[in-house]
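Structure data follow from start_25.pdb (PDB, C-alpha atoms):
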```pdb
MODEL        1
ATOM      1  CA  MET A  42      12.577 -22.049  -5.580  1.00  0.00           C
ATOM      2  CA  ALA A  43      10.328 -19.159  -6.638  1.00  0.00           C
ATOM      3  CA  LEU A  44      10.425 -15.952  -4.654  1.00  0.00           C
ATOM      4  CA  ARG A  45       7.289 -15.075  -2.708  1.00  0.00           C
ATOM      5  CA  CYS A  46       5.882 -11.546  -2.950  1.00  0.00           C
ATOM      6  CA  LEU A  47       3.265 -10.051  -0.633  1.00  0.00           C
ATOM      7  CA  ILE A  48       1.467  -6.903  -1.831  1.00  0.00           C
ATOM      8  CA  THR A  49      -1.199  -4.684  -0.308  1.00  0.00           C
ATOM      9  CA  ALA A  50      -3.371  -2.564  -2.588  1.00  0.00           C
ATOM     10  CA  GLY A  51      -6.316  -0.184  -2.643  1.00  0.00           C
ATOM     11  CA  PRO A  52      -7.960   1.785   0.147  1.00  0.00           C
ATOM     12  CA  THR A  53      -9.416   0.743   3.463  1.00  0.00           C
ATOM     13  CA  ARG A  54     -12.772   1.853   4.875  1.00  0.00           C
ATOM     14  CA  GLU A  55     -13.285   2.836   8.500  1.00  0.00           C
ATOM     15  CA  PHE A  56     -16.972   2.915   9.411  1.00  0.00           C
ATOM     16  CA  LEU A  57     -18.853   5.490  11.450  1.00  0.00           C
ATOM     17  CA  ASP A  58     -22.131   3.603  11.026  1.00  0.00           C
ATOM     18  CA  PRO A  59     -23.411   0.944   8.588  1.00  0.00           C
ATOM     19  CA  VAL A  60     -23.587   3.398   5.671  1.00  0.00           C
ATOM     20  CA  ARG A  61     -20.831   5.971   6.313  1.00  0.00           C
ATOM     21  CA  PHE A  62     -17.088   5.551   6.405  1.00  0.00           C
ATOM     22  CA  LEU A  63     -13.718   7.329   6.140  1.00  0.00           C
ATOM     23  CA  SER A  64     -11.646   6.332   3.120  1.00  0.00           C
ATOM     24  CA  ASN A  65      -9.582   7.724   0.239  1.00  0.00           C
ATOM     25  CA  PRO A  66      -9.604   7.714  -3.598  1.00  0.00           C
ATOM     26  CA  SER A  67      -7.127   4.844  -4.095  1.00  0.00           C
ATOM     27  CA  THR A  68      -8.258   2.491  -6.873  1.00  0.00           C
ATOM     28  CA  GLY A  69      -5.693  -0.265  -6.278  1.00  0.00           C
ATOM     29  CA  LYS A  70      -4.364  -0.010  -9.850  1.00  0.00           C
ATOM     30  CA  MET A  71      -0.707   0.399  -8.816  1.00  0.00           C
ATOM     31  CA  GLY A  72      -0.789  -2.540  -6.423  1.00  0.00           C
ATOM     32  CA  PHE A  73      -2.540  -4.749  -8.979  1.00  0.00           C
ATOM     33  CA  ALA A  74      -0.003  -3.748 -11.646  1.00  0.00           C
ATOM     34  CA  LEU A  75       2.808  -4.745  -9.297  1.00  0.00           C
ATOM     35  CA  ALA A  76       1.095  -8.076  -8.601  1.00  0.00           C
ATOM     36  CA  GLU A  77       0.934  -8.841 -12.312  1.00  0.00           C
ATOM     37  CA  ALA A  78       4.537  -7.738 -12.865  1.00  0.00           C
ATOM     38  CA  ALA A  79       5.754  -9.924  -9.987  1.00  0.00           C
ATOM     39  CA  ARG A  80       3.753 -12.859 -11.339  1.00  0.00           C
ATOM     40  CA  ASP A  81       5.290 -12.388 -14.779  1.00  0.00           C
ATOM     41  CA  LEU A  82       8.735 -12.623 -13.162  1.00  0.00           C
ATOM     42  CA  GLY A  83       7.823 -16.066 -11.818  1.00  0.00           C
ATOM     43  CA  MET A  84       7.083 -15.037  -8.241  1.00  0.00           C
ATOM     44  CA  THR A  85       4.351 -16.499  -6.074  1.00  0.00           C
ATOM     45  CA  VAL A  86       2.130 -13.515  -5.325  1.00  0.00           C
ATOM     46  CA  ASP A  87      -0.238 -12.886  -2.405  1.00  0.00           C
ATOM     47  CA  LEU A  88      -2.344  -9.758  -2.946  1.00  0.00           C
ATOM     48  CA  VAL A  89      -4.266  -8.258  -0.010  1.00  0.00           C
ATOM     49  CA  ALA A  90      -6.682  -5.697  -1.406  1.00  0.00           C
ATOM     50  CA  GLY A  91      -9.137  -3.267   0.093  1.00  0.00           C
ATOM     51  CA  PRO A  92     -12.425  -2.426  -1.671  1.00  0.00           C
ATOM     52  CA  VAL A  93     -11.610  -2.003  -5.387  1.00  0.00           C
ATOM     53  CA  SER A  94     -13.394  -2.464  -8.707  1.00  0.00           C
ATOM     54  CA  LEU A  95     -10.681  -4.397 -10.517  1.00  0.00           C
ATOM     55  CA  PRO A  96     -10.702  -7.940 -11.919  1.00  0.00           C
ATOM     56  CA  GLU A  97      -8.736 -10.527  -9.983  1.00  0.00           C
ATOM     57  CA  PRO A  98      -5.294 -10.885 -11.596  1.00  0.00           C
ATOM     58  CA  ARG A  99      -4.744 -14.294 -13.167  1.00  0.00           C
ATOM     59  CA  GLY A 100      -2.256 -16.459 -11.297  1.00  0.00           C
ATOM     60  CA  VAL A 101      -2.345 -14.330  -8.144  1.00  0.00           C
ATOM     61  CA  MET A 102      -3.840 -15.260  -4.766  1.00  0.00           C
ATOM     62  CA  LEU A 103      -6.255 -12.454  -3.856  1.00  0.00           C
ATOM     63  CA  TYR A 104      -7.357 -11.749  -0.277  1.00  0.00           C
ATOM     64  CA  PRO A 105     -10.150  -9.129  -0.156  1.00  0.00           C
ATOM     65  CA  VAL A 106     -10.444  -7.025   3.017  1.00  0.00           C
ATOM     66  CA  VAL A 107     -12.266  -3.823   3.983  1.00  0.00           C
ATOM     67  CA  THR A 108     -10.849  -2.230   7.132  1.00  0.00           C
ATOM     68  CA  ALA A 109      -7.277  -1.500   8.209  1.00  0.00           C
ATOM     69  CA  GLU A 110      -7.585  -4.022  11.023  1.00  0.00           C
ATOM     70  CA  GLN A 111      -8.711  -6.721   8.597  1.00  0.00           C
ATOM     71  CA  MET A 112      -5.774  -5.876   6.358  1.00  0.00           C
ATOM     72  CA  ARG A 113      -3.379  -6.028   9.297  1.00  0.00           C
ATOM     73  CA  LEU A 114      -4.594  -9.480  10.310  1.00  0.00           C
ATOM     74  CA  GLN A 115      -4.336 -10.817   6.746  1.00  0.00           C
ATOM     75  CA  VAL A 116      -0.882  -9.343   6.158  1.00  0.00           C
ATOM     76  CA  ASP A 117       0.319 -10.613   9.528  1.00  0.00           C
ATOM     77  CA  GLY A 118      -0.619 -14.151   8.528  1.00  0.00           C
ATOM     78  CA  LEU A 119       1.135 -13.965   5.145  1.00  0.00           C
ATOM     79  CA  PHE A 120       4.242 -11.951   5.988  1.00  0.00           C
ATOM     80  CA  GLY A 121       6.423 -14.678   7.500  1.00  0.00           C
ATOM     81  CA  PRO A 122       7.255 -16.660   4.339  1.00  0.00           C
ATOM     82  CA  CYS A 123       7.373 -13.722   1.925  1.00  0.00           C
ATOM     83  CA  ASP A 124      10.677 -12.567   0.449  1.00  0.00           C
ATOM     84  CA  LEU A 125       9.432  -9.198  -0.773  1.00  0.00           C
ATOM     85  CA  PHE A 126       6.734  -7.051   0.837  1.00  0.00           C
ATOM     86  CA  LEU A 127       5.296  -4.186  -1.200  1.00  0.00           C
ATOM     87  CA  SER A 128       3.119  -2.059   1.070  1.00  0.00           C
ATOM     88  CA  VAL A 129       1.204  -0.204  -1.646  1.00  0.00           C
ATOM     89  CA  ALA A 130      -2.238   0.133  -0.034  1.00  0.00           C
ATOM     90  CA  ALA A 131      -3.491   3.540   1.047  1.00  0.00           C
ATOM     91  CA  VAL A 132      -4.367   2.414   4.556  1.00  0.00           C
ATOM     92  CA  SER A 133      -6.496   4.840   6.563  1.00  0.00           C
ATOM     93  CA  ASP A 134      -4.542   6.656   9.252  1.00  0.00           C
ATOM     94  CA  TRP A 135      -7.570   7.143  11.516  1.00  0.00           C
ATOM     95  CA  ARG A 136     -10.919   5.532  12.222  1.00  0.00           C
ATOM     96  CA  PRO A 137     -13.950   6.640  14.223  1.00  0.00           C
ATOM     97  CA  LYS A 138     -13.473   5.704  17.859  1.00  0.00           C
ATOM     98  CA  VAL A 139     -17.101   4.599  18.051  1.00  0.00           C
ATOM     99  CA  ARG A 140     -18.734   2.545  15.301  1.00  0.00           C
ATOM    100  CA  HIS A 141     -22.488   2.912  15.576  1.00  0.00           C
ATOM    101  CA  SER A 142     -24.549  -0.200  14.898  1.00  0.00           C
ATOM    102  CA  ARG A 143     -27.426   1.792  13.386  1.00  0.00           C
ATOM    103  CA  LYS A 144     -27.519   4.565  10.819  1.00  0.00           C
ATOM    104  CA  LEU A 145     -27.131   7.982  12.379  1.00  0.00           C
ATOM    105  CA  ARG A 146     -30.166  10.125  11.560  1.00  0.00           C
ATOM    106  CA  ARG A 147     -29.766  13.592  10.100  1.00  0.00           C
ATOM    107  CA  GLU A 148     -32.552  14.841  12.366  1.00  0.00           C
ATOM    108  CA  ALA A 149     -30.438  14.094  15.417  1.00  0.00           C
ATOM    109  CA  GLY A 150     -27.841  16.631  14.329  1.00  0.00           C
ATOM    110  CA  ALA A 151     -24.170  16.269  13.419  1.00  0.00           C
ATOM    111  CA  PRO A 152     -22.386  13.753  15.668  1.00  0.00           C
ATOM    112  CA  ALA A 153     -19.171  14.568  17.491  1.00  0.00           C
ATOM    113  CA  LEU A 154     -16.553  12.647  15.516  1.00  0.00           C
ATOM    114  CA  GLU A 155     -13.725  11.359  17.691  1.00  0.00           C
ATOM    115  CA  LEU A 156     -10.931   9.508  15.895  1.00  0.00           C
ATOM    116  CA  GLU A 157      -8.305   6.982  16.918  1.00  0.00           C
ATOM    117  CA  PRO A 158      -5.251   5.698  14.990  1.00  0.00           C
ATOM    118  CA  CYS A 159      -5.536   2.731  12.674  1.00  0.00           C
ATOM    119  CA  PRO A 160      -2.817   0.072  12.926  1.00  0.00           C
ATOM    120  CA  ASP A 161       0.467   0.953  11.213  1.00  0.00           C
ATOM    121  CA  ILE A 162       0.824  -2.236   9.182  1.00  0.00           C
ATOM    122  CA  LEU A 163       4.111  -1.316   7.556  1.00  0.00           C
ATOM    123  CA  ARG A 164       5.828  -0.416  10.821  1.00  0.00           C
ATOM    124  CA  ALA A 165       4.589  -3.626  12.449  1.00  0.00           C
ATOM    125  CA  MET A 166       5.976  -5.804   9.643  1.00  0.00           C
ATOM    126  CA  VAL A 167       9.336  -3.999   9.647  1.00  0.00           C
ATOM    127  CA  ALA A 168       9.599  -4.713  13.380  1.00  0.00           C
ATOM    128  CA  ARG A 169       9.219  -8.471  12.881  1.00  0.00           C
ATOM    129  CA  ARG A 170      10.983  -9.036   9.574  1.00  0.00           C
ATOM    130  CA  ARG A 171      13.626 -11.734   9.328  1.00  0.00           C
ATOM    131  CA  PRO A 172      17.037 -11.381   7.673  1.00  0.00           C
ATOM    132  CA  GLY A 173      16.759 -11.448   3.908  1.00  0.00           C
ATOM    133  CA  GLN A 174      13.286  -9.964   3.591  1.00  0.00           C
ATOM    134  CA  VAL A 175      13.013  -6.769   1.551  1.00  0.00           C
ATOM    135  CA  VAL A 176      10.317  -4.261   2.499  1.00  0.00           C
ATOM    136  CA  VAL A 177       9.134  -1.476   0.204  1.00  0.00           C
ATOM    137  CA  GLY A 178       6.864   1.231   1.569  1.00  0.00           C
ATOM    138  CA  PHE A 179       4.717   3.619  -0.460  1.00  0.00           C
ATOM    139  CA  ALA A 180       3.927   7.227   0.397  1.00  0.00           C
ATOM    140  CA  ALA A 181       1.215   9.391  -1.148  1.00  0.00           C
ATOM    141  CA  GLU A 182       2.444  12.988  -0.929  1.00  0.00           C
ATOM    142  CA  THR A 183       0.951  16.389  -1.750  1.00  0.00           C
ATOM    143  CA  GLY A 184       3.799  18.739  -0.813  1.00  0.00           C
ATOM    144  CA  ASP A 185       7.567  18.441  -1.168  1.00  0.00           C
ATOM    145  CA  LEU A 186       7.760  14.929  -2.617  1.00  0.00           C
ATOM    146  CA  GLU A 187      11.406  14.193  -1.893  1.00  0.00           C
ATOM    147  CA  ALA A 188      11.409  15.684   1.605  1.00  0.00           C
ATOM    148  CA  GLY A 189       8.354  13.650   2.551  1.00  0.00           C
ATOM    149  CA  ALA A 190       9.839  10.503   1.035  1.00  0.00           C
ATOM    150  CA  ARG A 191      13.151  10.870   2.849  1.00  0.00           C
ATOM    151  CA  ALA A 192      11.416  11.474   6.161  1.00  0.00           C
ATOM    152  CA  LYS A 193       9.276   8.342   5.773  1.00  0.00           C
ATOM    153  CA  LEU A 194      12.219   6.249   4.569  1.00  0.00           C
ATOM    154  CA  ALA A 195      13.970   7.034   7.840  1.00  0.00           C
ATOM    155  CA  SER A 196      10.975   6.820  10.164  1.00  0.00           C
ATOM    156  CA  LYS A 197       9.525   3.573   8.776  1.00  0.00           C
ATOM    157  CA  GLY A 198      12.829   1.699   8.619  1.00  0.00           C
ATOM    158  CA  VAL A 199      12.090   0.200   5.187  1.00  0.00           C
ATOM    159  CA  ASP A 200      14.598  -0.870   2.536  1.00  0.00           C
ATOM    160  CA  PHE A 201      12.937   1.295  -0.125  1.00  0.00           C
ATOM    161  CA  LEU A 202      10.356   4.060  -0.087  1.00  0.00           C
ATOM    162  CA  ALA A 203       8.307   4.754  -3.222  1.00  0.00           C
ATOM    163  CA  ALA A 204       6.648   8.173  -3.216  1.00  0.00           C
ATOM    164  CA  ASN A 205       4.186   9.661  -5.668  1.00  0.00           C
ATOM    165  CA  ASP A 206       2.313  12.930  -5.920  1.00  0.00           C
ATOM    166  CA  VAL A 207      -1.429  12.558  -5.369  1.00  0.00           C
ATOM    167  CA  GLY A 208      -2.260  16.267  -5.316  1.00  0.00           C
ATOM    168  CA  GLY A 209      -4.022  18.174  -8.072  1.00  0.00           C
ATOM    169  CA  ALA A 210      -5.591  17.036 -11.313  1.00  0.00           C
ATOM    170  CA  ALA A 211      -2.497  15.063 -12.349  1.00  0.00           C
ATOM    171  CA  GLY A 212      -2.302  13.081  -9.116  1.00  0.00           C
ATOM    172  CA  ALA A 213      -1.711   9.328  -9.118  1.00  0.00           C
ATOM    173  CA  PHE A 214      -5.062   8.325  -7.560  1.00  0.00           C
ATOM    174  CA  GLY A 215      -7.356   6.914 -10.234  1.00  0.00           C
ATOM    175  CA  SER A 216      -4.913   7.592 -13.064  1.00  0.00           C
ATOM    176  CA  GLU A 217      -3.676   5.054 -15.610  1.00  0.00           C
ATOM    177  CA  THR A 218      -0.171   6.506 -15.315  1.00  0.00           C
ATOM    178  CA  ASN A 219       2.226   7.158 -12.479  1.00  0.00           C
ATOM    179  CA  ARG A 220       5.530   8.788 -11.643  1.00  0.00           C
ATOM    180  CA  ILE A 221       7.423   7.451  -8.644  1.00  0.00           C
ATOM    181  CA  LEU A 222      10.457   8.620  -6.725  1.00  0.00           C
ATOM    182  CA  LEU A 223      12.084   5.473  -5.319  1.00  0.00           C
ATOM    183  CA  LEU A 224      14.596   6.020  -2.510  1.00  0.00           C
ATOM    184  CA  GLY A 225      16.708   3.252  -1.008  1.00  0.00           C
ATOM    185  CA  ALA A 226      18.140   2.955   2.480  1.00  0.00           C
ATOM    186  CA  ASP A 227      21.404   2.218   0.646  1.00  0.00           C
ATOM    187  CA  GLY A 228      21.379   5.769  -0.752  1.00  0.00           C
ATOM    188  CA  SER A 229      19.996   4.850  -4.172  1.00  0.00           C
ATOM    189  CA  ARG A 230      17.577   7.168  -5.963  1.00  0.00           C
ATOM    190  CA  HIS A 231      15.441   6.303  -8.975  1.00  0.00           C
ATOM    191  CA  LEU A 232      12.853   8.319 -10.889  1.00  0.00           C
ATOM    192  CA  LEU A 233      10.341   5.936 -12.482  1.00  0.00           C
ATOM    193  CA  GLY A 234       7.980   7.262 -15.145  1.00  0.00           C
ATOM    194  CA  PRO A 235       5.907   9.084 -16.027  1.00  0.00           C
ATOM    195  CA  ALA A 236       4.570   5.949 -17.690  1.00  0.00           C
ATOM    196  CA  THR A 237       1.682   3.542 -17.412  1.00  0.00           C
ATOM    197  CA  LYS A 238       1.343   1.890 -14.040  1.00  0.00           C
ATOM    198  CA  ALA A 239       2.220  -1.455 -15.648  1.00  0.00           C
ATOM    199  CA  GLU A 240       5.490   0.017 -16.941  1.00  0.00           C
ATOM    200  CA  VAL A 241       6.265   1.715 -13.625  1.00  0.00           C
ATOM    201  CA  ALA A 242       5.604  -1.578 -11.810  1.00  0.00           C
ATOM    202  CA  LYS A 243       8.153  -3.396 -13.983  1.00  0.00           C
ATOM    203  CA  ALA A 244      10.718  -0.637 -13.452  1.00  0.00           C
ATOM    204  CA  LEU A 245      10.196  -0.656  -9.690  1.00  0.00           C
ATOM    205  CA  LEU A 246      10.715  -4.406  -9.437  1.00  0.00           C
ATOM    206  CA  ALA A 247      13.821  -4.159 -11.604  1.00  0.00           C
ATOM    207  CA  ALA A 248      15.203  -1.558  -9.187  1.00  0.00           C
ATOM    208  CA  VAL A 249      14.544  -3.518  -5.965  1.00  0.00           C
ATOM    209  CA  LEU A 250      15.207  -7.113  -7.046  1.00  0.00           C
ATOM    210  CA  PRO A 251      19.025  -6.844  -7.029  1.00  0.00           C
ATOM    211  CA  SER A 252      18.825  -6.026  -3.327  1.00  0.00           C
ATOM    212  CA  LEU A 253      16.699  -9.120  -2.747  1.00  0.00           C
ATOM    213  CA  VAL A 254      18.869 -11.492  -4.755  1.00  0.00           C
ATOM    214  CA  SER A 255      22.069 -10.278  -3.082  1.00  0.00           C
ATOM    215  CA  ARG A 256      20.883 -11.258   0.413  1.00  0.00           C
TER     216      ARG A 256
ENDMDL
END
```
Would you mind writing the file out in structure tokens?
Amino acid sequence: MALRCLITAGPTREFLDPVRFLSNPSTGKMGFALAEAARDLGMTVDLVAGPVSLPEPRGVMLYPVVTAEQMRLQVDGLFGPCDLFLSVAAVSDWRPKVRHSRKLRREAGAPALELEPCPDILRAMVARRRPGQVVVGFAAETGDLEAGARAKLASKGVDFLAANDVGGAAGAFGSETNRILLLGADGSRHLLGPATKAEVAKALLAAVLPSLVSR
């Protein structure tokens, strides 16, 4: 029986009013590359993607969403039967507490922007995972890459944490290449790349699949 892989990709958008939102520069390219790599390995792939400008990968089931809450609901419905969950999406951490139904007018002055947390999709899935499921989290870092990765590996409770540097001109957002530090809860440590995102995706799956097969 083919393994089932669930992947999130791209950004989310959290709206202040109908024309303004909080988001980030994620293009979804890494998540889409992983979807294609998993498909090429014979997996059944469910891809939950925020707003991106990428063609739908052939042979992959794509579920478009916009907000973090929409992504949470879609992932929640697909997580149960998956064997491997790759939480690649750059999900917004905060959203405006009030979403205005009409466009805020400049003449009215700058609004007071009060924020509230978005759902932590990765933490929620880790809490309900069944034995045998492998969960890989992703972390976009701008400071000490390894320190940030190790902290999130411990706090999120994932099997693997993939961290990349998104700061500066050579950051991963929008680039055709990537360099990932992959840390395992088993103490493993892999440096993947720098290489194209397609090549990094293949290397990442090669690193995590033995853990999945051994369960």
> Restricting the calculation to only C-alpha atoms, which member of A:Leu63, A:Leu95, A:Ile221, A:Ala226 is positioned closest to A:Ala244?
Replying inline: A:Ile221
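Residues within 8 Å of A:Leu145, counting all atoms listed in the file and excluding same-chain residues fewer than 4 positions away, are Asp58, His141 and Ala149 of chain A.
Run against this file, the PyMOL selection byres ((chain A and resi 230-241) around 9) gives back Lys70, Met71, Phe73, Ala74, Leu75, Glu77, Ala78, Ser216, Glu217, Thr218, Asn219, Arg220, Ile221, Leu222, Leu223, Leu224, Gly225, Gly228, Ser229, Ala242, Lys243, Ala244, Leu245, Leu246 and Ala248 of chain A.
Atom to atom, atom CA of A:Glu182 and atom CA of A:Asp124 stand 26.9 Å apart.
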> Which of these, A:Glu187, A:Glu157, A:Glu55, A:Asp200, has the shortest distance to A:Met112 once you count only C-alpha atoms?
Replying inline: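 The answer is A:Glu55, which sits nearest to A:Met112.
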>> Could you list, as a list of chain:residue names, every residue within 8 Å of A:Cys159, counting all atoms listed in the file and ignoring same-chain residues fewer than 6 positions away?
In response: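 In the requested form, the answer reads A:Ala109, A:Glu110, A:Ser133, A:Asp134, A:Trp135, A:Arg136.
You can rank A:Ala168, A:Leu103, A:Leu194, A:Ala188 by their closest distance to A:Gly121 using only C-alpha atoms, and at the top of that list sits A:Ala168.
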>> What does the structure give for the distance between atom CA of A:Pro137 and atom CA of A:Leu154, in Å to one decimal?
In response: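 Computing the Euclidean distance for atom CA of A:Pro137 and atom CA of A:Leu154 yields 6.7 Å.
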> Between A:Pro158, A:Pro52, A:Pro122, A:Pro152, which has the minimum distance to A:Lys138 (counting only C-alpha atoms)?
Replying inline: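 Of A:Pro158, A:Pro52, A:Pro122, A:Pro152, the one nearest A:Lys138 is A:Pro158, counting only C-alpha atoms.
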> With all atoms listed in the file as the atoms that count, which of A:Thr183, A:Thr85, A:Gln174, A:Thr68 lies nearest to A:Phe126?
Replying inline: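 Result for the nearest residue to A:Phe126: A:Gln174.
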>> Ranking A:Val86, A:Leu119, A:Val107, A:Ala130 by minimum distance to A:Ala50 and counting only C-alpha atoms, which one comes first?
In response: A:Ala130
> Quick one, how far is atom CA of A:Leu156 from atom CA of A:Arg61?
Replying inline: 14.2 Å
Size and centre in Å, one decimal, axis-aligned box, all listed stretch 88-102 of chain A atoms plus 5 Å per side, as JSON:
```
{"center_x": -7.8, "center_y": -9.2, "center_z": -6.5, "size_x": 21.1, "size_y": 24.5, "size_z": 23.3}
```
Could you state which residues are captured by the PyMOL selection byres ((chain A and resi 120) around 10) in this file, as a compact mmCIF listing (two decimals) with C-alpha atoms, keeping the file's coordinate frame?
```
# COMPACT_ATOMS: atom_id res chain seq x y z
CA ARG A 45 7.29 -15.08 -2.71
CA CYS A 46 5.88 -11.55 -2.95
CA LEU A 47 3.26 -10.05 -0.63
CA ILE A 48 1.47 -6.90 -1.83
CA ASP A 87 -0.24 -12.89 -2.40
CA GLN A 115 -4.34 -10.82 6.75
CA VAL A 116 -0.88 -9.34 6.16
CA ASP A 117 0.32 -10.61 9.53
CA GLY A 118 -0.62 -14.15 8.53
CA LEU A 119 1.14 -13.96 5.14
CA GLY A 121 6.42 -14.68 7.50
CA PRO A 122 7.26 -16.66 4.34
CA CYS A 123 7.37 -13.72 1.92
CA ASP A 124 10.68 -12.57 0.45
CA LEU A 125 9.43 -9.20 -0.77
CA PHE A 126 6.73 -7.05 0.84
CA MET A 166 5.98 -5.80 9.64
CA ARG A 169 9.22 -8.47 12.88
CA ARG A 170 10.98 -9.04 9.57
CA ARG A 171 13.63 -11.73 9.33
CA GLN A 174 13.29 -9.96 3.59
```
> So which residues are close to (-8.7, 6.6, -9.4), meaning at most 10 Å away in the file's coordinates with only C-alpha atoms counted, and can you show them as a list of chain:residue names?
Replying inline: A:Gly51, A:Asn65, A:Pro66, A:Ser67, A:Thr68, A:Gly69, A:Lys70, A:Val93, A:Gly212, A:Ala213, A:Phe214, A:Gly215, A:Ser216, A:Glu217
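The point (12.2, 2.0, 11.1) has these residues within 10 Å of it when all atoms listed in the file are used: A:Leu163, A:Arg164, A:Ala165, A:Val167, A:Ala168, A:Lys193, A:Leu194, A:Ala195, A:Ser196, A:Lys197, A:Gly198, A:Val199, A:Asp200.
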Write the residues of the selection above to a file with C-alpha atoms, as a short mmCIF file (atom, residue, chain, number, x, y, z; two decimals), in the frame of the given file.
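The new file part.cif reads:
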```cif
data_model
loop_
_atom_site.label_atom_id
_atom_site.label_comp_id
_atom_site.auth_asym_id
_atom_site.auth_seq_id
_atom_site.Cartn_x
_atom_site.Cartn_y
_atom_site.Cartn_z
CA LEU A 163 4.11 -1.32 7.56
CA ARG A 164 5.83 -0.42 10.82
CA ALA A 165 4.59 -3.63 12.45
CA VAL A 167 9.34 -4.00 9.65
CA ALA A 168 9.60 -4.71 13.38
CA LYS A 193 9.28 8.34 5.77
CA LEU A 194 12.22 6.25 4.57
CA ALA A 195 13.97 7.03 7.84
CA SER A 196 10.98 6.82 10.16
CA LYS A 197 9.52 3.57 8.78
CA GLY A 198 12.83 1.70 8.62
CA VAL A 199 12.09 0.20 5.19
CA ASP A 200 14.60 -0.87 2.54
#
```
If the PyMOL selection byres ((chain A and resi 184) around 12) is run on the structure shown, which residues does it catch, given as a PDB file with C-alpha atoms, in the coordinates of the input?
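The result, stored in part.pdb:
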```
ATOM      1  CA  ALA A 180       3.927   7.227   0.397  1.00  0.00           C
ATOM      2  CA  ALA A 181       1.215   9.391  -1.148  1.00  0.00           C
ATOM      3  CA  GLU A 182       2.444  12.988  -0.929  1.00  0.00           C
ATOM      4  CA  THR A 183       0.951  16.389  -1.750  1.00  0.00           C
ATOM      5  CA  ASP A 185       7.567  18.441  -1.168  1.00  0.00           C
ATOM      6  CA  LEU A 186       7.760  14.929  -2.617  1.00  0.00           C
ATOM      7  CA  GLU A 187      11.406  14.193  -1.893  1.00  0.00           C
ATOM      8  CA  ALA A 188      11.409  15.684   1.605  1.00  0.00           C
ATOM      9  CA  GLY A 189       8.354  13.650   2.551  1.00  0.00           C
ATOM     10  CA  ALA A 190       9.839  10.503   1.035  1.00  0.00           C
ATOM     11  CA  ALA A 204       6.648   8.173  -3.216  1.00  0.00           C
ATOM     12  CA  ASN A 205       4.186   9.661  -5.668  1.00  0.00           C
ATOM     13  CA  ASP A 206       2.313  12.930  -5.920  1.00  0.00           C
ATOM     14  CA  VAL A 207      -1.429  12.558  -5.369  1.00  0.00           C
ATOM     15  CA  GLY A 208      -2.260  16.267  -5.316  1.00  0.00           C
ATOM     16  CA  GLY A 209      -4.022  18.174  -8.072  1.00  0.00           C
ATOM     17  CA  GLY A 212      -2.302  13.081  -9.116  1.00  0.00           C
TER      18      GLY A 212
END
```
>> Need to verify the contact set: A:Phe179, 7 Å, only C-alpha atoms, exclusion of same-chain residues closer than 2 positions in sequence. Can you return it as a list in words?
In response: Ser128, Val129, Val177, Ala181, Leu202, Ala203 and Ala204 of chain A
